[in-house]
>>> print(open('start-v4.pdb').read())   # PDB, C-alpha atoms and all ligand atoms
ATOM      1  CA  MET A   1       0.000   0.000   0.000
ATOM      2  CA  ILE A   2       1.283   3.498  -0.821
ATOM      3  CA  ILE A   3       1.953   6.022   1.950
ATOM      4  CA  VAL A   4       2.060   9.815   1.970
ATOM      5  CA  HIS A   5       5.839   9.688   1.467
ATOM      6  CA  ASP A   6       5.206   8.227  -2.010
ATOM      7  CA  VAL A   7       2.871  11.109  -2.817
ATOM      8  CA  LEU A   8       5.414  13.699  -1.634
ATOM      9  CA  GLN A   9       8.035  12.038  -3.815
ATOM     10  CA  ALA A  10       5.647  12.012  -6.790
ATOM     11  CA  ARG A  11       5.110  15.717  -6.335
ATOM     12  CA  GLU A  12       8.831  16.413  -6.738
ATOM     13  CA  ILE A  13       9.057  14.137  -9.759
ATOM     14  CA  ILE A  14       6.107  15.630 -11.666
ATOM     15  CA  LYS A  15       6.388  19.300 -10.685
ATOM     16  CA  GLU A  16       8.162  20.351 -13.890
ATOM     17  CA  VAL A  17       5.405  18.864 -16.037
ATOM     18  CA  VAL A  18       2.043  19.454 -14.354
ATOM     19  CA  HIS A  19       0.219  22.656 -13.461
ATOM     20  CA  GLU A  20      -0.773  23.466  -9.903
ATOM     21  CA  THR A  21      -4.392  24.021 -10.885
ATOM     22  CA  PRO A  22      -6.447  26.767  -9.232
ATOM     23  CA  ILE A  23      -9.251  26.346  -6.706
ATOM     24  CA  LEU A  24     -12.373  28.228  -7.825
ATOM     25  CA  HIS A  25     -15.050  29.447  -5.396
ATOM     26  CA  SER A  26     -18.708  29.428  -6.471
ATOM     27  CA  SER A  27     -21.214  31.620  -4.618
ATOM     28  CA  GLN A  28     -24.182  30.070  -6.387
ATOM     29  CA  LEU A  29     -23.129  26.513  -5.672
ATOM     30  CA  SER A  30     -22.470  27.591  -2.067
ATOM     31  CA  THR A  31     -26.009  28.939  -1.735
ATOM     32  CA  ILE A  32     -27.559  25.820  -3.270
ATOM     33  CA  SER A  33     -25.607  23.346  -1.150
ATOM     34  CA  GLU A  34     -25.467  25.444   2.070
ATOM     35  CA  ASN A  35     -21.698  25.071   2.300
ATOM     36  CA  GLN A  36     -18.799  27.209   1.115
ATOM     37  CA  MET A  37     -18.145  25.475  -2.188
ATOM     38  CA  TYR A  38     -14.804  25.357  -3.988
ATOM     39  CA  CYS A  39     -13.719  23.416  -7.080
ATOM     40  CA  LYS A  40     -10.235  22.014  -7.719
ATOM     41  CA  ALA A  41      -9.880  22.784 -11.419
ATOM     42  CA  GLU A  42      -8.164  19.743 -12.954
ATOM     43  CA  HIS A  43     -10.095  20.373 -16.178
ATOM     44  CA  LEU A  44      -7.494  23.149 -16.617
ATOM     45  CA  GLN A  45      -4.661  20.634 -16.176
ATOM     46  CA  LYS A  46      -2.252  19.774 -19.036
ATOM     47  CA  THR A  47      -3.967  17.341 -21.444
ATOM     48  CA  GLY A  48      -7.326  18.338 -19.936
ATOM     49  CA  SER A  49      -7.435  15.983 -16.953
ATOM     50  CA  PHE A  50      -5.581  14.951 -13.787
ATOM     51  CA  LYS A  51      -4.401  11.757 -15.532
ATOM     52  CA  ILE A  52      -1.136  13.486 -16.500
ATOM     53  CA  ARG A  53      -0.104  13.437 -12.806
ATOM     54  CA  GLY A  54      -0.059   9.656 -12.419
ATOM     55  CA  ALA A  55       1.121   9.061 -15.979
ATOM     56  CA  THR A  56       4.117  11.367 -15.504
ATOM     57  CA  ASN A  57       5.126   9.726 -12.234
ATOM     58  CA  LYS A  58       4.848   6.240 -13.729
ATOM     59  CA  VAL A  59       6.443   6.890 -17.132
ATOM     60  CA  LYS A  60       9.400   8.691 -15.521
ATOM     61  CA  GLN A  61       9.866   5.692 -13.230
ATOM     62  CA  ALA A  62       9.730   3.332 -16.222
ATOM     63  CA  VAL A  63      12.393   5.390 -18.022
ATOM     64  CA  ARG A  64      14.612   5.347 -14.897
ATOM     65  CA  GLU A  65      14.326   1.551 -15.000
ATOM     66  CA  GLY A  66      15.462   1.490 -18.638
ATOM     67  CA  ALA A  67      12.248   1.522 -20.671
ATOM     68  CA  THR A  68      12.566   3.107 -24.103
ATOM     69  CA  TYR A  69       8.907   2.722 -25.083
ATOM     70  CA  VAL A  70       5.532   2.754 -23.306
ATOM     71  CA  THR A  71       2.044   1.491 -24.067
ATOM     72  CA  ALA A  72      -1.425   2.032 -22.623
ATOM     73  CA  ALA A  73      -4.910   0.740 -23.336
ATOM     74  CA  SER A  74      -7.259   3.727 -23.207
ATOM     75  CA  SER A  75      -9.045   5.857 -25.763
ATOM     76  CA  GLY A  76      -9.697   8.451 -23.100
ATOM     77  CA  ASN A  77      -7.771  10.761 -20.808
ATOM     78  CA  HIS A  78      -5.208   8.175 -19.698
ATOM     79  CA  GLY A  79      -4.211   7.472 -23.308
ATOM     80  CA  GLN A  80      -3.753  11.188 -24.005
ATOM     81  CA  ALA A  81      -1.709  11.667 -20.846
ATOM     82  CA  VAL A  82       0.633   8.747 -21.575
ATOM     83  CA  ALA A  83       1.133   9.915 -25.193
ATOM     84  CA  TYR A  84       1.902  13.447 -23.992
ATOM     85  CA  ILE A  85       4.462  12.578 -21.321
ATOM     86  CA  ALA A  86       6.197   9.976 -23.503
ATOM     87  CA  LYS A  87       6.694  12.649 -26.184
ATOM     88  CA  GLN A  88       8.031  15.088 -23.575
ATOM     89  CA  LEU A  89      10.522  12.482 -22.414
ATOM     90  CA  GLY A  90      11.517  11.659 -25.980
ATOM     91  CA  ILE A  91      10.301   8.073 -26.162
ATOM     92  CA  PRO A  92       7.668   6.550 -28.480
ATOM     93  CA  SER A  93       4.293   5.359 -27.206
ATOM     94  CA  THR A  94       1.509   3.185 -28.554
ATOM     95  CA  ILE A  95      -2.022   3.654 -27.285
ATOM     96  CA  VAL A  96      -4.350   0.717 -27.886
ATOM     97  CA  VAL A  97      -7.912   1.911 -28.561
ATOM     98  CA  PRO A  98     -11.126   0.083 -29.473
ATOM     99  CA  VAL A  99     -11.841  -0.359 -33.198
ATOM    100  CA  ASP A 100     -14.874   1.914 -32.767
ATOM    101  CA  ALA A 101     -12.976   4.689 -30.907
ATOM    102  CA  LYS A 102     -14.223   8.194 -31.674
ATOM    103  CA  GLU A 103     -12.196  10.012 -34.320
ATOM    104  CA  SER A 104     -11.833  13.039 -32.032
ATOM    105  CA  LYS A 105     -10.202  10.923 -29.314
ATOM    106  CA  VAL A 106      -7.883   9.158 -31.741
ATOM    107  CA  ASN A 107      -6.839  12.525 -33.177
ATOM    108  CA  ALA A 108      -6.145  13.933 -29.718
ATOM    109  CA  ILE A 109      -3.816  11.025 -28.932
ATOM    110  CA  LYS A 110      -2.043  11.439 -32.295
ATOM    111  CA  ALA A 111      -1.697  15.158 -31.717
ATOM    112  CA  TYR A 112       0.113  14.429 -28.450
ATOM    113  CA  GLY A 113       2.525  12.199 -30.385
ATOM    114  CA  GLY A 114       1.142   8.720 -29.638
ATOM    115  CA  SER A 115       0.843   5.915 -32.194
ATOM    116  CA  ILE A 116      -2.573   4.289 -32.425
ATOM    117  CA  GLU A 117      -3.234   0.546 -32.455
ATOM    118  CA  LYS A 118      -6.870  -0.497 -32.864
ATOM    119  CA  CYS A 119      -7.955  -3.695 -31.145
ATOM    120  CA  GLY A 120     -11.344  -5.209 -30.303
ATOM    121  CA  THR A 121     -14.126  -3.417 -28.474
ATOM    122  CA  THR A 122     -13.537  -4.449 -24.847
ATOM    123  CA  SER A 123     -10.766  -3.743 -22.359
ATOM    124  CA  ALA A 124     -10.356  -7.529 -22.029
ATOM    125  CA  GLU A 125      -9.018  -7.455 -25.593
ATOM    126  CA  ARG A 126      -7.069  -4.186 -25.369
ATOM    127  CA  LEU A 127      -5.175  -4.827 -22.125
ATOM    128  CA  PRO A 128      -3.328  -7.983 -23.274
ATOM    129  CA  LYS A 129      -2.539  -6.296 -26.602
ATOM    130  CA  ALA A 130      -0.959  -3.270 -24.882
ATOM    131  CA  LYS A 131       1.028  -5.526 -22.521
ATOM    132  CA  GLU A 132       2.195  -7.713 -25.413
ATOM    133  CA  LEU A 133       3.406  -4.692 -27.432
ATOM    134  CA  ALA A 134       5.360  -3.470 -24.399
ATOM    135  CA  VAL A 135       7.091  -6.821 -23.913
ATOM    136  CA  GLN A 136       7.979  -7.054 -27.616
ATOM    137  CA  HIS A 137       9.726  -3.663 -27.740
ATOM    138  CA  ASN A 138      11.630  -3.281 -24.450
ATOM    139  CA  GLY A 139       8.792  -1.159 -23.139
ATOM    140  CA  THR A 140       6.566  -0.750 -20.120
ATOM    141  CA  PHE A 141       2.800  -1.043 -20.001
ATOM    142  CA  ILE A 142       1.299   1.915 -18.101
ATOM    143  CA  PRO A 143      -1.861   0.861 -16.235
ATOM    144  CA  PRO A 144      -4.666   3.402 -15.763
ATOM    145  CA  TYR A 145      -5.115   3.258 -11.971
ATOM    146  CA  ASP A 146      -4.120   0.040 -10.178
ATOM    147  CA  ASP A 147      -0.453   0.916  -9.723
ATOM    148  CA  PRO A 148       1.466   2.548  -6.836
ATOM    149  CA  PHE A 149       3.129   5.217  -9.027
ATOM    150  CA  ILE A 150      -0.129   6.133 -10.733
ATOM    151  CA  MET A 151      -1.977   6.343  -7.410
ATOM    152  CA  ALA A 152       0.782   8.427  -5.804
ATOM    153  CA  GLY A 153       0.781  10.810  -8.769
ATOM    154  CA  GLN A 154      -2.980  11.369  -8.571
ATOM    155  CA  GLY A 155      -2.627  11.915  -4.809
ATOM    156  CA  THR A 156      -0.625  15.103  -5.396
ATOM    157  CA  ILE A 157      -4.012  16.815  -5.894
ATOM    158  CA  GLY A 158      -4.673  16.163  -2.203
ATOM    159  CA  LEU A 159      -1.435  17.854  -1.126
ATOM    160  CA  GLU A 160      -2.256  20.904  -3.247
ATOM    161  CA  ILE A 161      -5.757  21.192  -1.787
ATOM    162  CA  LEU A 162      -4.394  21.175   1.785
ATOM    163  CA  GLU A 163      -2.024  24.026   0.915
ATOM    164  CA  GLN A 164      -4.417  26.062  -1.207
ATOM    165  CA  LEU A 165      -7.362  25.958   1.219
ATOM    166  CA  GLU A 166      -5.951  25.589   4.713
ATOM    167  CA  ASP A 167      -9.338  25.380   6.438
ATOM    168  CA  VAL A 168     -10.818  22.761   4.123
ATOM    169  CA  ASP A 169     -13.310  20.475   5.933
ATOM    170  CA  VAL A 170     -14.493  18.111   3.195
ATOM    171  CA  VAL A 171     -13.128  16.929  -0.170
ATOM    172  CA  VAL A 172     -15.457  15.322  -2.740
ATOM    173  CA  VAL A 173     -13.903  12.998  -5.365
ATOM    174  CA  PRO A 174     -15.208  10.989  -8.370
ATOM    175  CA  ILE A 175     -14.747   7.163  -8.241
ATOM    176  CA  GLY A 176     -12.824   5.427 -10.281
ATOM    177  CA  GLY A 177     -10.488   4.490  -7.554
ATOM    178  CA  GLY A 178      -7.008   5.606  -8.556
ATOM    179  CA  LEU A 179      -7.708   9.284  -8.054
ATOM    180  CA  LEU A 180      -9.592   8.718  -4.810
ATOM    181  CA  SER A 181      -7.062   6.315  -3.277
ATOM    182  CA  GLY A 182      -4.190   8.740  -3.929
ATOM    183  CA  ILE A 183      -6.096  11.678  -2.453
ATOM    184  CA  LEU A 184      -7.124   9.572   0.574
ATOM    185  CA  VAL A 185      -3.517   8.667   1.381
ATOM    186  CA  ALA A 186      -2.289  12.242   0.867
ATOM    187  CA  ILE A 187      -4.956  13.854   3.027
ATOM    188  CA  LYS A 188      -5.700  11.233   5.707
ATOM    189  CA  GLN A 189      -1.985  10.785   6.495
ATOM    190  CA  THR A 190      -1.444  14.549   6.670
ATOM    191  CA  LYS A 191      -4.646  15.985   8.123
ATOM    192  CA  PRO A 192      -6.951  13.125   9.184
ATOM    193  CA  LYS A 193      -9.745  15.468  10.340
ATOM    194  CA  VAL A 194     -10.558  16.329   6.735
ATOM    195  CA  LYS A 195     -13.536  14.275   5.595
ATOM    196  CA  ILE A 196     -13.463  12.621   2.173
ATOM    197  CA  ILE A 197     -16.576  11.665   0.243
ATOM    198  CA  GLY A 198     -16.508   9.601  -2.969
ATOM    199  CA  VAL A 199     -19.146   9.897  -5.683
ATOM    200  CA  GLU A 200     -20.217   7.224  -8.184
ATOM    201  CA  PRO A 201     -22.874   7.145 -10.900
ATOM    202  CA  GLU A 202     -25.855   5.002  -9.861
ATOM    203  CA  THR A 203     -25.309   2.967 -13.021
ATOM    204  CA  ALA A 204     -21.593   2.317 -12.335
ATOM    205  CA  ASN A 205     -21.797   1.503  -8.627
ATOM    206  CA  ASP A 206     -19.106  -1.186  -8.404
ATOM    207  CA  THR A 207     -17.275   0.515  -5.538
ATOM    208  CA  TYR A 208     -20.519   1.128  -3.630
ATOM    209  CA  LEU A 209     -21.405  -2.567  -3.895
ATOM    210  CA  SER A 210     -17.860  -3.668  -3.058
ATOM    211  CA  LEU A 211     -17.779  -1.558   0.125
ATOM    212  CA  GLN A 212     -21.172  -2.955   1.152
ATOM    213  CA  ASN A 213     -20.077  -6.541   0.471
ATOM    214  CA  LYS A 214     -16.658  -5.890   2.078
ATOM    215  CA  LYS A 215     -15.026  -7.472  -0.968
ATOM    216  CA  ILE A 216     -14.299  -6.561  -4.575
ATOM    217  CA  THR A 217     -17.527  -7.001  -6.482
ATOM    218  CA  SER A 218     -17.900  -6.542 -10.226
ATOM    219  CA  ILE A 219     -20.810  -5.226 -12.233
ATOM    220  CA  THR A 220     -21.618  -5.877 -15.876
ATOM    221  CA  ARG A 221     -20.763  -3.268 -18.482
ATOM    222  CA  THR A 222     -22.204   0.140 -17.759
ATOM    223  CA  SER A 223     -23.170   2.928 -20.118
ATOM    224  CA  THR A 224     -23.006   5.970 -17.814
ATOM    225  CA  ILE A 225     -22.283   9.264 -19.584
ATOM    226  CA  ALA A 226     -19.453   9.664 -17.069
ATOM    227  CA  ASP A 227     -17.115   7.671 -19.314
ATOM    228  CA  GLY A 228     -14.107   8.086 -17.011
ATOM    229  CA  LEU A 229     -15.989   6.208 -14.278
ATOM    230  CA  ARG A 230     -17.058   3.138 -16.263
ATOM    231  CA  THR A 231     -14.928   0.703 -14.266
ATOM    232  CA  SER A 232     -16.507  -2.700 -13.748
ATOM    233  CA  GLN A 233     -14.757  -3.384 -10.429
ATOM    234  CA  PRO A 234     -12.424  -1.613  -7.957
ATOM    235  CA  GLY A 235      -8.673  -2.229  -8.227
ATOM    236  CA  ASP A 236      -6.821  -4.720  -6.025
ATOM    237  CA  MET A 237      -4.526  -1.911  -4.831
ATOM    238  CA  THR A 238      -7.027   0.929  -4.671
ATOM    239  CA  PHE A 239      -9.867  -0.864  -2.880
ATOM    240  CA  PRO A 240      -8.126  -1.575   0.477
ATOM    241  CA  ILE A 241      -7.286   2.142   0.740
ATOM    242  CA  LEU A 242     -10.914   3.092   0.179
ATOM    243  CA  GLN A 243     -11.970   0.526   2.788
ATOM    244  CA  GLN A 244      -9.557   1.970   5.325
ATOM    245  CA  TYR A 245     -10.069   5.698   4.850
ATOM    246  CA  LEU A 246     -13.205   6.653   2.891
ATOM    247  CA  ASP A 247     -15.733   8.510   5.086
ATOM    248  CA  ASP A 248     -18.767   8.309   2.823
ATOM    249  CA  LEU A 249     -19.881   7.352  -0.675
ATOM    250  CA  VAL A 250     -22.864   8.842  -2.476
ATOM    251  CA  LEU A 251     -24.534   7.917  -5.760
ATOM    252  CA  VAL A 252     -25.825  10.315  -8.420
ATOM    253  CA  SER A 253     -28.205   9.724 -11.338
ATOM    254  CA  GLU A 254     -27.501  10.333 -15.007
ATOM    255  CA  GLU A 255     -29.940  13.254 -14.993
ATOM    256  CA  GLU A 256     -28.234  14.811 -11.952
ATOM    257  CA  ILE A 257     -24.855  14.526 -13.717
ATOM    258  CA  LYS A 258     -26.158  16.305 -16.848
ATOM    259  CA  VAL A 259     -27.779  19.102 -14.844
ATOM    260  CA  ALA A 260     -24.568  19.615 -12.851
ATOM    261  CA  GLN A 261     -22.406  19.716 -15.986
ATOM    262  CA  ASN A 262     -24.685  22.373 -17.488
ATOM    263  CA  PHE A 263     -24.710  24.335 -14.221
ATOM    264  CA  VAL A 264     -20.904  24.514 -14.175
ATOM    265  CA  LEU A 265     -20.854  25.653 -17.801
ATOM    266  CA  GLU A 266     -23.628  28.246 -17.533
ATOM    267  CA  ARG A 267     -22.946  29.663 -14.082
ATOM    268  CA  MET A 268     -19.257  29.080 -13.496
ATOM    269  CA  LYS A 269     -18.261  29.389 -17.185
ATOM    270  CA  GLN A 270     -16.194  26.221 -16.933
ATOM    271  CA  LEU A 271     -16.403  23.367 -19.456
ATOM    272  CA  ILE A 272     -16.087  20.075 -17.580
ATOM    273  CA  GLU A 273     -16.779  16.485 -18.590
ATOM    274  CA  PRO A 274     -19.523  14.334 -17.011
ATOM    275  CA  SER A 275     -17.006  12.360 -14.910
ATOM    276  CA  SER A 276     -16.109  15.640 -13.178
ATOM    277  CA  ALA A 277     -19.712  16.747 -12.791
ATOM    278  CA  VAL A 278     -20.595  13.914 -10.396
ATOM    279  CA  THR A 279     -19.042  15.802  -7.464
ATOM    280  CA  VAL A 280     -21.026  18.958  -8.218
ATOM    281  CA  ALA A 281     -24.149  16.827  -8.716
ATOM    282  CA  ALA A 282     -23.732  15.381  -5.213
ATOM    283  CA  ALA A 283     -23.420  18.890  -3.745
ATOM    284  CA  MET A 284     -26.328  20.376  -5.731
ATOM    285  CA  ASN A 285     -28.665  17.598  -4.645
ATOM    286  CA  LYS A 286     -27.659  17.921  -0.975
ATOM    287  CA  LYS A 287     -26.306  14.387  -0.861
ATOM    288  CA  LEU A 288     -23.161  15.298   1.088
ATOM    289  CA  GLY A 289     -25.006  15.344   4.417
ATOM    290  CA  ILE A 290     -23.201  18.446   5.685
ATOM    291  CA  THR A 291     -23.881  22.198   6.000
ATOM    292  CA  GLY A 292     -21.726  25.196   6.837
ATOM    293  CA  LYS A 293     -18.465  23.502   5.833
ATOM    294  CA  ASN A 294     -15.636  24.415   3.463
ATOM    295  CA  VAL A 295     -16.018  21.847   0.702
ATOM    296  CA  VAL A 296     -13.757  21.170  -2.296
ATOM    297  CA  CYS A 297     -15.245  19.284  -5.252
ATOM    298  CA  VAL A 298     -12.566  17.781  -7.482
ATOM    299  CA  LEU A 299     -13.303  18.611 -11.139
ATOM    300  CA  SER A 300     -11.267  15.793 -12.638
ATOM    301  CA  GLY A 301     -11.257  16.715 -16.341
ATOM    302  CA  GLY A 302     -12.687  18.802 -19.144
ATOM    303  CA  ASN A 303     -12.355  16.705 -22.281
ATOM    304  CA  VAL A 304     -15.688  16.659 -24.059
ATOM    305  CA  ASP A 305     -16.581  16.135 -27.688
ATOM    306  CA  ILE A 306     -18.186  19.477 -28.573
ATOM    307  CA  GLN A 307     -20.311  17.811 -31.288
ATOM    308  CA  VAL A 308     -21.825  15.519 -28.650
TER     309      VAL A 308
HETATM  310  C1  LIG B   1      -9.966   8.595 -15.187
HETATM  311  C2  LIG B   1     -10.918   9.644 -14.765
HETATM  312  C3  LIG B   1     -11.620   9.560 -13.542
HETATM  313  C4  LIG B   1     -11.497   8.379 -12.611
HETATM  314  O1  LIG B   1     -10.176   8.219 -12.228
HETATM  315  P1  LIG B   1      -9.661   6.936 -11.429
HETATM  316  O2  LIG B   1      -8.195   7.133 -11.317
HETATM  317  O3  LIG B   1     -10.050   5.747 -12.191
HETATM  318  O4  LIG B   1     -10.306   7.015 -10.093
HETATM  319  C5  LIG B   1     -12.432  10.615 -13.200
HETATM  320  N1  LIG B   1     -12.586  11.688 -14.003
HETATM  321  C6  LIG B   1     -11.937  11.815 -15.172
HETATM  322  C7  LIG B   1     -12.157  13.031 -15.988
HETATM  323  C8  LIG B   1     -11.068  10.798 -15.591
HETATM  324  O5  LIG B   1     -10.420  10.922 -16.756
END
>>> encode(input="start-v4.pdb", output="structure tokens")
Amino acid sequence: MIIVHDVLQAREIIKEVVHETPILHSSQLSTISENQMYCKAEHLQKTGSFKIRGATNKVKQAVREGATYVTAASSGNHGQAVAYIAKQLGIPSTIVVPVDAKESKVNAIKAYGGSIEKCGTTSAERLPKAKELAVQHNGTFIPPYDDPFIMAGQGTIGLEILEQLEDVDVVVVPIGGGLLSGILVAIKQTKPKVKIIGVEPETANDTYLSLQNKKITSITRTSTIADGLRTSQPGDMTFPILQQYLDDLVLVSEEEIKVAQNFVLERMKQLIEPSSAVTVAAAMNKKLGITGKNVVCVLSGGNVDIQV
């Protein structure tokens, strides 16, 4: 299990690459949720999401260990982040995407310097392909979340929040698992009084069910619009951290996610993706179970297809 030391180390390693993103206050969201509401703006991060934090920490580690090539299996934010950091470090990358990947996503990965390999339609097909390519070419496969370096990199968000808003009471994080586990370690091992609440779509509630069952429980394929949160089960490394530290988990509906995404665009003038909007949705619908607190919602990314 990672510890806060790993997150502090990650922060040093990635500081030349990633932005320290701002924390935005919203008066309207504060009024609606009866808390002082802040948003950690990772949609303004390099490559448009927090994924560059973990990817940078992991790819730099791989290069230190001698890798001259990296692969990933993701048509989304993780694929873009890996392609970007590999290019920065001067090594080639291949991102394995589904055969039906959206043209806009494929183009974004290419624009960051990644090569595209199309394979199957499920992650069960893509993962082995990405691992195989890595083995063939003296490379390293970069997993999306279930990895100590990835988790530690994502956790650097937690350290920044503690510095940027000293009297923070509550931090609200989308699940996934990688992002949340890193933030949990960073914050609970530095300032344990701070409460951390995870948010999942109702239709992708694998972590909710796993916490209830006290063991990793998988769900069948989900179609939530929050495409960054479509995991079918929690990670072997991330789940024990959630079990140990997570204070609360709330679920939000697809409609609540859409309304929250529109609210952030119209009122806060910020374009975020549905996976980010789950935290705002929880606050807007008074699901956090708190009032009068200083609350930070993590806005995890802003990559949306404008046509959609
Ligand atoms: C990947 C992603 C998540 C979930 O991250 P995990 O590390 O799997 O917890 C949330 N939001 C966005 C925008 C993402 O890209």
>>> residues_around(input="start-v4.pdb", residues="segment 223-236 of chain A", least_positions_apart="2", cutoff="6 Å", atoms="all atoms listed in the file", output="PyMOL selection string")
chain A and resi 146+176+206-207+218-219+238-239+274-275
>>> residues_near_ligand(input="start-v4.pdb", ligand="ligand LIG 1 (chain B)", cutoff="6 Å", atoms="only C-alpha atoms and all ligand atoms", output="ChimeraX atom specification")
/A:49,77,145,174-180,228-229,275-276,300-301
>>> resolve_selection(input="start-v4.pdb", expression="the PyMOL selection byres (((chain A and resi 261) around 12) and not hetatm)", output="number ranges by chain")
A: 225-226, 254-260, 262-282, 284, 299, 301-302, 304
>>> atom_distance(input="start-v4.pdb", atom1="atom CA of Gly90 of chain A", atom2="atom CA of Tyr69 of chain A")
9.4 Å
>>> closest_residue(input="start-v4.pdb", among="A:Ile52, A:Ile95, A:Met1, A:Leu165", to="Lys131 of chain A", atoms="only C-alpha atoms")
A:Ile95
>>> resolve_selection(input="start-v4.pdb", expression="the PyMOL selection byres (((chain A and resi 106) around 12) and not hetatm)", output="ChimeraX atom specification")
/A:74-77,79-80,83,94-105,107-118,305
>>> residues_near_point(input="start-v4.pdb", point="(-2.5, 22.1, -5.6)", cutoff="10 Å", atoms="only C-alpha atoms", output="list in words")
Arg11, His19, Glu20, Thr21, Pro22, Ile23, Lys40, Ala41, Glu42, Thr156, Ile157, Gly158, Leu159, Glu160, Ile161, Leu162, Glu163, Gln164 and Leu165 of chain A
>>> atom_distance(input="start-v4.pdb", atom1="atom CA of Ile142 of chain A", atom2="atom CA of Glu65 of chain A")
13.4 Å
>>> atom_distance(input="start-v4.pdb", atom1="atom CA of Met151 of chain A", atom2="atom CA of Lys58 of chain A")
9.3 Å
>>> residues_around(input="start-v4.pdb", residues="Ile150 of chain A", least_positions_apart="3", cutoff="12 Å", atoms="only C-alpha atoms", output="JSON, numbers by chain")
{"A": [2, 6, 7, 10, 11, 14, 50, 51, 52, 53, 54, 55, 56, 57, 58, 59, 60, 61, 62, 78, 81, 82, 142, 143, 144, 145, 146, 147, 153, 154, 155, 156, 177, 178, 179, 180, 181, 182, 183, 237, 238]}
>>> closest_residue(input="start-v4.pdb", among="A:Lys129, A:Gly139, A:Gln244, A:Asp169", to="Gln36 of chain A", atoms="only C-alpha atoms")
A:Asp169
>>> resolve_selection(input="start-v4.pdb", expression="the PyMOL selection byres (((chain A and resi 134) around 10) and not hetatm)", output="number ranges by chain")
A: 67-72, 93-94, 128-133, 135-142
>>> closest_residue(input="start-v4.pdb", among="A:Ile91, A:Tyr245, A:Pro148, A:Gly66", to="Lys188 of chain A", atoms="only C-alpha atoms")
A:Tyr245
>>> closest_residue(input="start-v4.pdb", among="A:Leu29, A:Val185, A:Ala73, A:Val63", to="Arg126 of chain A", atoms="only C-alpha atoms")
A:Ala73
>>> closest_residue(input="start-v4.pdb", among="A:Ser123, A:Thr222, A:Thr31, A:Thr291", to="Val170 of chain A", atoms="all atoms listed in the file")
A:Thr291
>>> residues_near_point(input="start-v4.pdb", point="(-19.3, 7.6, 0.7)", cutoff="8 Å", atoms="only C-alpha atoms", output="CSV table (one decimal) with C-alpha atoms, keeping the file's coordinate frame")
chain,number,residue,atom,x,y,z
A,196,ILE,CA,-13.5,12.6,2.2
A,197,ILE,CA,-16.6,11.7,0.2
A,198,GLY,CA,-16.5,9.6,-3.0
A,199,VAL,CA,-19.1,9.9,-5.7
A,208,TYR,CA,-20.5,1.1,-3.6
A,246,LEU,CA,-13.2,6.7,2.9
A,247,ASP,CA,-15.7,8.5,5.1
A,248,ASP,CA,-18.8,8.3,2.8
A,249,LEU,CA,-19.9,7.4,-0.7
A,250,VAL,CA,-22.9,8.8,-2.5
>>> closest_residue(input="start-v4.pdb", among="A:Ile32, A:Met37, A:Ala124, A:Ala186", to="Leu8 of chain A", atoms="only C-alpha atoms")
A:Ala186
